[in-house]
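For reference, query20.pdb (PDB, C-alpha atoms):
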```
ATOM      1  CA  MET A   1     -12.137  73.634  42.694  1.00  0.00           C
ATOM      2  CA  SER A   2     -12.900  70.008  43.486  1.00  0.00           C
ATOM      3  CA  ARG A   3     -11.567  70.294  47.037  1.00  0.00           C
ATOM      4  CA  MET A   4     -13.515  73.508  47.671  1.00  0.00           C
ATOM      5  CA  CYS A   5     -16.740  71.882  46.486  1.00  0.00           C
ATOM      6  CA  LEU A   6     -16.076  68.805  48.604  1.00  0.00           C
ATOM      7  CA  MET A   7     -15.436  70.992  51.653  1.00  0.00           C
ATOM      8  CA  LEU A   8     -18.727  72.823  51.068  1.00  0.00           C
ATOM      9  CA  CYS A   9     -20.562  69.530  50.576  1.00  0.00           C
ATOM     10  CA  ARG A  10     -19.109  68.127  53.807  1.00  0.00           C
ATOM     11  CA  LEU A  11     -19.961  71.285  55.726  1.00  0.00           C
ATOM     12  CA  CYS A  12     -23.575  71.426  54.534  1.00  0.00           C
ATOM     13  CA  LEU A  13     -24.295  67.710  54.975  1.00  0.00           C
ATOM     14  CA  ALA A  14     -22.769  67.543  58.440  1.00  0.00           C
ATOM     15  CA  SER A  15     -24.499  70.793  59.439  1.00  0.00           C
ATOM     16  CA  TRP A  16     -27.882  69.543  58.314  1.00  0.00           C
ATOM     17  CA  PHE A  17     -27.458  66.154  59.964  1.00  0.00           C
ATOM     18  CA  GLY A  18     -26.488  67.744  63.291  1.00  0.00           C
ATOM     19  CA  ALA A  19     -29.185  70.411  63.098  1.00  0.00           C
ATOM     20  CA  GLY A  20     -31.828  67.842  62.168  1.00  0.00           C
ATOM     21  CA  ILE A  21     -30.937  65.603  65.104  1.00  0.00           C
ATOM     22  CA  LEU A  22     -30.858  68.588  67.477  1.00  0.00           C
ATOM     23  CA  PHE A  23     -34.209  69.784  66.179  1.00  0.00           C
ATOM     24  CA  LEU A  24     -35.787  66.379  66.723  1.00  0.00           C
ATOM     25  CA  CYS A  25     -34.462  66.271  70.277  1.00  0.00           C
ATOM     26  CA  VAL A  26     -35.863  69.749  70.980  1.00  0.00           C
ATOM     27  CA  VAL A  27     -39.244  69.031  69.376  1.00  0.00           C
ATOM     28  CA  LEU A  28     -39.637  65.682  71.104  1.00  0.00           C
ATOM     29  CA  GLY A  29     -38.660  67.306  74.385  1.00  0.00           C
ATOM     30  CA  LEU A  30     -41.215  70.046  73.799  1.00  0.00           C
ATOM     31  CA  ARG A  31     -43.970  67.620  72.855  1.00  0.00           C
ATOM     32  CA  ASN A  32     -43.382  65.452  75.914  1.00  0.00           C
ATOM     33  CA  SER A  33     -42.743  68.207  78.424  1.00  0.00           C
ATOM     34  CA  SER A  34     -45.286  68.958  81.101  1.00  0.00           C
ATOM     35  CA  LEU A  35     -43.991  72.548  81.217  1.00  0.00           C
ATOM     36  CA  PHE A  36     -46.032  73.484  78.139  1.00  0.00           C
ATOM     37  CA  SER A  37     -49.775  73.685  77.785  1.00  0.00           C
ATOM     38  CA  ASP A  38     -51.724  71.725  75.194  1.00  0.00           C
ATOM     39  CA  GLU A  39     -52.210  74.920  73.188  1.00  0.00           C
ATOM     40  CA  VAL A  40     -48.446  75.503  72.973  1.00  0.00           C
ATOM     41  CA  ARG A  41     -47.882  71.882  71.959  1.00  0.00           C
ATOM     42  CA  PHE A  42     -50.586  72.176  69.319  1.00  0.00           C
ATOM     43  CA  ASN A  43     -49.123  75.375  67.853  1.00  0.00           C
ATOM     44  CA  HIS A  44     -45.423  74.529  67.969  1.00  0.00           C
ATOM     45  CA  PRO A  45     -45.311  73.168  64.378  1.00  0.00           C
ATOM     46  CA  ARG A  46     -46.385  76.542  63.005  1.00  0.00           C
ATOM     47  CA  VAL A  47     -43.439  78.181  64.766  1.00  0.00           C
ATOM     48  CA  LEU A  48     -40.708  75.555  64.499  1.00  0.00           C
ATOM     49  CA  PHE A  49     -41.235  73.834  61.163  1.00  0.00           C
ATOM     50  CA  PRO A  50     -40.870  76.755  58.723  1.00  0.00           C
ATOM     51  CA  PRO A  51     -37.251  77.376  59.860  1.00  0.00           C
ATOM     52  CA  TYR A  52     -36.677  73.593  59.898  1.00  0.00           C
ATOM     53  CA  TYR A  53     -37.670  73.212  56.261  1.00  0.00           C
ATOM     54  CA  SER A  54     -35.856  76.401  55.206  1.00  0.00           C
ATOM     55  CA  LEU A  55     -32.621  75.178  56.756  1.00  0.00           C
ATOM     56  CA  GLU A  56     -33.078  71.620  55.518  1.00  0.00           C
ATOM     57  CA  LEU A  57     -33.814  72.544  51.920  1.00  0.00           C
ATOM     58  CA  SER A  58     -31.118  75.198  51.650  1.00  0.00           C
ATOM     59  CA  LEU A  59     -28.357  73.060  53.171  1.00  0.00           C
ATOM     60  CA  LEU A  60     -29.299  69.958  51.175  1.00  0.00           C
ATOM     61  CA  LEU A  61     -29.521  71.971  47.954  1.00  0.00           C
ATOM     62  CA  VAL A  62     -26.058  73.476  48.441  1.00  0.00           C
ATOM     63  CA  ALA A  63     -24.646  70.089  49.504  1.00  0.00           C
ATOM     64  CA  THR A  64     -26.119  68.364  46.456  1.00  0.00           C
ATOM     65  CA  LEU A  65     -24.873  71.003  44.024  1.00  0.00           C
ATOM     66  CA  ALA A  66     -21.425  70.930  45.641  1.00  0.00           C
ATOM     67  CA  ALA A  67     -21.358  67.126  45.539  1.00  0.00           C
ATOM     68  CA  TRP A  68     -22.142  67.010  41.818  1.00  0.00           C
ATOM     69  CA  LEU A  69     -19.616  69.788  41.135  1.00  0.00           C
ATOM     70  CA  THR A  70     -17.048  67.748  43.050  1.00  0.00           C
ATOM     71  CA  VAL A  71     -17.786  64.757  40.823  1.00  0.00           C
ATOM     72  CA  LYS A  72     -17.581  66.909  37.693  1.00  0.00           C
ATOM     73  CA  THR A  73     -14.340  68.673  38.633  1.00  0.00           C
ATOM     74  CA  ASN A  74     -12.560  65.625  40.041  1.00  0.00           C
ATOM     75  CA  THR A  75      -9.983  64.820  37.359  1.00  0.00           C
ATOM     76  CA  THR A  76      -8.791  61.511  38.780  1.00  0.00           C
ATOM     77  CA  ALA A  77     -10.458  58.150  39.069  1.00  0.00           C
ATOM     78  CA  THR A  78      -9.373  57.905  42.710  1.00  0.00           C
ATOM     79  CA  GLY A  79     -12.420  58.164  44.923  1.00  0.00           C
ATOM     80  CA  ARG A  80     -14.754  58.899  42.004  1.00  0.00           C
ATOM     81  CA  LYS A  81     -17.203  56.122  42.881  1.00  0.00           C
ATOM     82  CA  SER A  82     -17.369  57.354  46.452  1.00  0.00           C
ATOM     83  CA  LEU A  83     -17.952  60.927  45.290  1.00  0.00           C
ATOM     84  CA  VAL A  84     -20.784  59.744  43.031  1.00  0.00           C
ATOM     85  CA  ALA A  85     -22.282  57.817  45.953  1.00  0.00           C
ATOM     86  CA  VAL A  86     -22.207  60.963  48.117  1.00  0.00           C
ATOM     87  CA  ALA A  87     -23.861  62.952  45.327  1.00  0.00           C
ATOM     88  CA  VAL A  88     -26.554  60.304  44.836  1.00  0.00           C
ATOM     89  CA  PHE A  89     -27.346  60.022  48.565  1.00  0.00           C
ATOM     90  CA  SER A  90     -27.467  63.798  48.851  1.00  0.00           C
ATOM     91  CA  THR A  91     -29.754  64.028  45.805  1.00  0.00           C
ATOM     92  CA  VAL A  92     -32.124  61.395  47.179  1.00  0.00           C
ATOM     93  CA  ALA A  93     -32.176  63.160  50.565  1.00  0.00           C
ATOM     94  CA  LEU A  94     -32.981  66.480  48.850  1.00  0.00           C
ATOM     95  CA  ALA A  95     -35.736  64.835  46.787  1.00  0.00           C
ATOM     96  CA  GLY A  96     -37.203  63.292  49.943  1.00  0.00           C
ATOM     97  CA  ALA A  97     -37.121  66.650  51.720  1.00  0.00           C
ATOM     98  CA  LEU A  98     -38.865  68.348  48.788  1.00  0.00           C
ATOM     99  CA  ILE A  99     -41.515  65.630  48.616  1.00  0.00           C
ATOM    100  CA  ASP A 100     -42.083  65.901  52.356  1.00  0.00           C
ATOM    101  CA  TYR A 101     -42.392  69.674  52.243  1.00  0.00           C
ATOM    102  CA  VAL A 102     -44.709  69.870  49.234  1.00  0.00           C
ATOM    103  CA  THR A 103     -46.936  66.829  49.662  1.00  0.00           C
ATOM    104  CA  VAL A 104     -46.949  66.336  53.421  1.00  0.00           C
ATOM    105  CA  TYR A 105     -45.980  69.433  55.418  1.00  0.00           C
ATOM    106  CA  ARG A 106     -48.026  71.989  53.482  1.00  0.00           C
ATOM    107  CA  PRO A 107     -51.303  70.017  53.854  1.00  0.00           C
ATOM    108  CA  LEU A 108     -50.474  69.439  57.534  1.00  0.00           C
ATOM    109  CA  ALA A 109     -49.878  73.161  58.051  1.00  0.00           C
ATOM    110  CA  ALA A 110     -53.225  73.947  56.403  1.00  0.00           C
ATOM    111  CA  MET A 111     -54.975  71.510  58.740  1.00  0.00           C
ATOM    112  CA  LEU A 112     -53.264  73.098  61.749  1.00  0.00           C
ATOM    113  CA  GLU A 113     -54.409  76.538  60.611  1.00  0.00           C
ATOM    114  CA  SER A 114     -58.006  75.358  60.347  1.00  0.00           C
ATOM    115  CA  GLN A 115     -57.602  73.492  63.659  1.00  0.00           C
ATOM    116  CA  VAL A 116     -59.497  70.535  62.203  1.00  0.00           C
ATOM    117  CA  LEU A 117     -57.456  67.385  62.630  1.00  0.00           C
ATOM    118  CA  THR A 118     -58.870  64.432  60.719  1.00  0.00           C
ATOM    119  CA  GLN A 119     -57.603  60.916  60.182  1.00  0.00           C
ATOM    120  CA  GLN A 120     -55.762  62.297  57.151  1.00  0.00           C
ATOM    121  CA  PHE A 121     -53.743  64.481  59.552  1.00  0.00           C
ATOM    122  CA  VAL A 122     -52.629  61.399  61.483  1.00  0.00           C
ATOM    123  CA  THR A 123     -51.720  59.600  58.252  1.00  0.00           C
ATOM    124  CA  LEU A 124     -49.747  62.572  56.923  1.00  0.00           C
ATOM    125  CA  HIS A 125     -48.045  63.073  60.279  1.00  0.00           C
ATOM    126  CA  HIS A 126     -46.821  59.475  60.299  1.00  0.00           C
ATOM    127  CA  ALA A 127     -45.679  59.812  56.686  1.00  0.00           C
ATOM    128  CA  SER A 128     -43.749  62.949  57.601  1.00  0.00           C
ATOM    129  CA  ARG A 129     -42.019  61.151  60.455  1.00  0.00           C
ATOM    130  CA  TRP A 130     -40.906  58.317  58.164  1.00  0.00           C
ATOM    131  CA  ILE A 131     -39.795  60.631  55.378  1.00  0.00           C
ATOM    132  CA  ASN A 132     -37.889  62.913  57.762  1.00  0.00           C
ATOM    133  CA  THR A 133     -36.221  59.895  59.351  1.00  0.00           C
ATOM    134  CA  ALA A 134     -35.165  58.633  55.916  1.00  0.00           C
ATOM    135  CA  VAL A 135     -33.883  62.083  54.915  1.00  0.00           C
ATOM    136  CA  LEU A 136     -31.849  62.362  58.109  1.00  0.00           C
ATOM    137  CA  LEU A 137     -30.420  58.856  57.706  1.00  0.00           C
ATOM    138  CA  LEU A 138     -29.494  59.522  54.072  1.00  0.00           C
ATOM    139  CA  SER A 139     -27.977  62.871  55.046  1.00  0.00           C
ATOM    140  CA  GLY A 140     -25.964  61.258  57.822  1.00  0.00           C
ATOM    141  CA  LEU A 141     -24.778  58.508  55.493  1.00  0.00           C
ATOM    142  CA  ALA A 142     -23.829  61.054  52.821  1.00  0.00           C
ATOM    143  CA  ALA A 143     -22.078  63.259  55.406  1.00  0.00           C
ATOM    144  CA  GLY A 144     -20.082  60.355  56.807  1.00  0.00           C
ATOM    145  CA  TRP A 145     -19.170  59.122  53.358  1.00  0.00           C
ATOM    146  CA  ALA A 146     -18.205  62.629  52.215  1.00  0.00           C
ATOM    147  CA  CYS A 147     -15.934  63.034  55.228  1.00  0.00           C
ATOM    148  CA  TRP A 148     -14.376  59.636  54.564  1.00  0.00           C
ATOM    149  CA  VAL A 149     -13.543  60.351  50.906  1.00  0.00           C
ATOM    150  CA  GLU A 150      -9.997  61.552  50.369  1.00  0.00           C
ATOM    151  CA  PRO A 151      -9.595  62.661  46.774  1.00  0.00           C
ATOM    152  CA  ARG A 152      -6.031  62.655  45.559  1.00  0.00           C
ATOM    153  CA  SER A 153      -4.557  65.276  43.289  1.00  0.00           C
ATOM    154  CA  SER A 154      -4.008  64.372  39.637  1.00  0.00           C
ATOM    155  CA  SER A 155      -0.359  65.384  39.624  1.00  0.00           C
ATOM    156  CA  PRO A 156       2.169  62.880  41.011  1.00  0.00           C
ATOM    157  CA  LYS A 157       3.896  63.986  44.165  1.00  0.00           C
ATOM    158  CA  ALA A 158       7.591  64.636  44.004  1.00  0.00           C
ATOM    159  CA  ALA A 159       9.693  62.159  45.907  1.00  0.00           C
ATOM    160  CA  PRO A 160      11.128  63.685  49.075  1.00  0.00           C
ATOM    161  CA  ASN A 161      14.867  64.199  49.064  1.00  0.00           C
ATOM    162  CA  SER A 162      16.656  62.193  51.692  1.00  0.00           C
TER     163      SER A 162
END
```
Using structure tokens, write down the structure that the file contains.
Amino acid sequence: MSRMCLMLCRLCLASWFGAGILFLCVVLGLRNSSLFSDEVRFNHPRVLFPPYYSLELSLLLVATLAAWLTVKTNTTATGRKSLVAVAVFSTVALAGALIDYVTVYRPLAAMLESQVLTQQFVTLHHASRWINTAVLLLSGLAAGWACWVEPRSSSPKAAPNS
């Protein structure tokens, strides 16, 4: 059970980290491209960010649950501290993503709908950039750490016959 949970945690964390980086590259390319009109650039968050947050929250939730299940089902002390570290980083990344979605993205989306961009929009936009950067860095750190951890089985291995 522990190995299955760790595999799921690794998969979700690495998937989110890669998807988040790819998304940022696409969005930054879109924002800076002369191929798109100002109207398209203005409206792209309404199209791109709902799937971004859906993917982010679902993958981080599964990764966090799997990480804590890995800690709970790991019956040996070997690698336990590392597994707890992965679970903590994943939990903090999930909390950051939830905070960003609820307190930053939703007000930004409402402002985009009304098409009235105030100074508060600029402030929230910068906050979102910092929070998303932190979430991606924490996710990448957790993914790398999760892939590095090699939990050992609790039963001693039989000596090979020579």
re atom CA of A:His125 and atom CA of A:Thr103: distance 11.3 Å
- Message: What's the separation between atom CA of A:Val62 and atom CA of A:Leu8, in Å to one decimal place?
- Response: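 Between atom CA of A:Val62 and atom CA of A:Leu8 the gap is 7.8 Å.
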message = Let me make sure I understand: among A:Thr76, A:Ser82, A:Ser139, A:Thr70, which one has the smallest atom-to-atom distance to A:Leu94 if we use only C-alpha atoms?
response =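 Going through A:Thr76, A:Ser82, A:Ser139, A:Thr70 one by one, the smallest distance to A:Leu94 is for A:Ser139.
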Item to check | Neighbour list for stretch 46-55 of chain A as number ranges by chain, cut-off 12 Å, only C-alpha atoms, skip fewer than 6 positions in-chain | outcome: A: 12-13, 15-24, 26-28, 30-31, 39-40, 61-63, 94, 96-102, 104-106, 108-115, 128, 132, 135
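For the atom pair formed by atom CA of A:Thr73 and atom CA of A:Ser90, the distance is 17.3 Å, given to one decimal.
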Q.
Just checking: using only C-alpha atoms, which residue out of A:Leu124, A:Leu65, A:Leu6, A:Leu60 ends up closest to A:Leu138?
A.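 When distances to A:Leu138 are compared using only C-alpha atoms, the smallest one comes from A:Leu60.
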Compare A:Ala66, A:Val149, A:Gln120, A:Cys25 by their minimum atom-to-atom distance to A:Leu83, counting all atoms listed in the file, and give me the closest one.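 Closest to A:Leu83, using all atoms listed in the file: A:Val149.
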Distance criterion (all atoms listed in the file): nearest to A:His44 out of A:Leu137, A:Gly29, A:Ala14, A:Glu56: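 Ranking A:Leu137, A:Gly29, A:Ala14, A:Glu56 by distance to A:His44, first place goes to A:Gly29.
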Taking (-15.6, 71.6, 39.8) as a centre in this file's frame and 10 Å as the limit, can you find every polymer residue with an atom that close, using only C-alpha atoms, and give them as a PyMOL selection string? chain A and resi 1-6+66-75
**Which of A:Val86, A:Leu35, A:Leu59, A:Ala127 sits closest to A:Gly144 [using all atoms listed in the file]** =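 The answer is A:Val86, which sits nearest to A:Gly144.
Nearest residue to A:Leu11, choosing from A:Asn43, A:Lys81, A:Ala93, A:Ala142 and counting all atoms listed in the file: A:Ala142.
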Put the listed atoms of stretch 135-144 of chain A in a box along x, y and z with 5 Å added on every side and give me the centre and edge lengths in Å to one decimal, as AutoDock Vina command-line options.
```
--center_x -27.0 --center_y 60.9 --center_z 55.5 --size_x 23.8 --size_y 14.8 --size_z 15.3
```
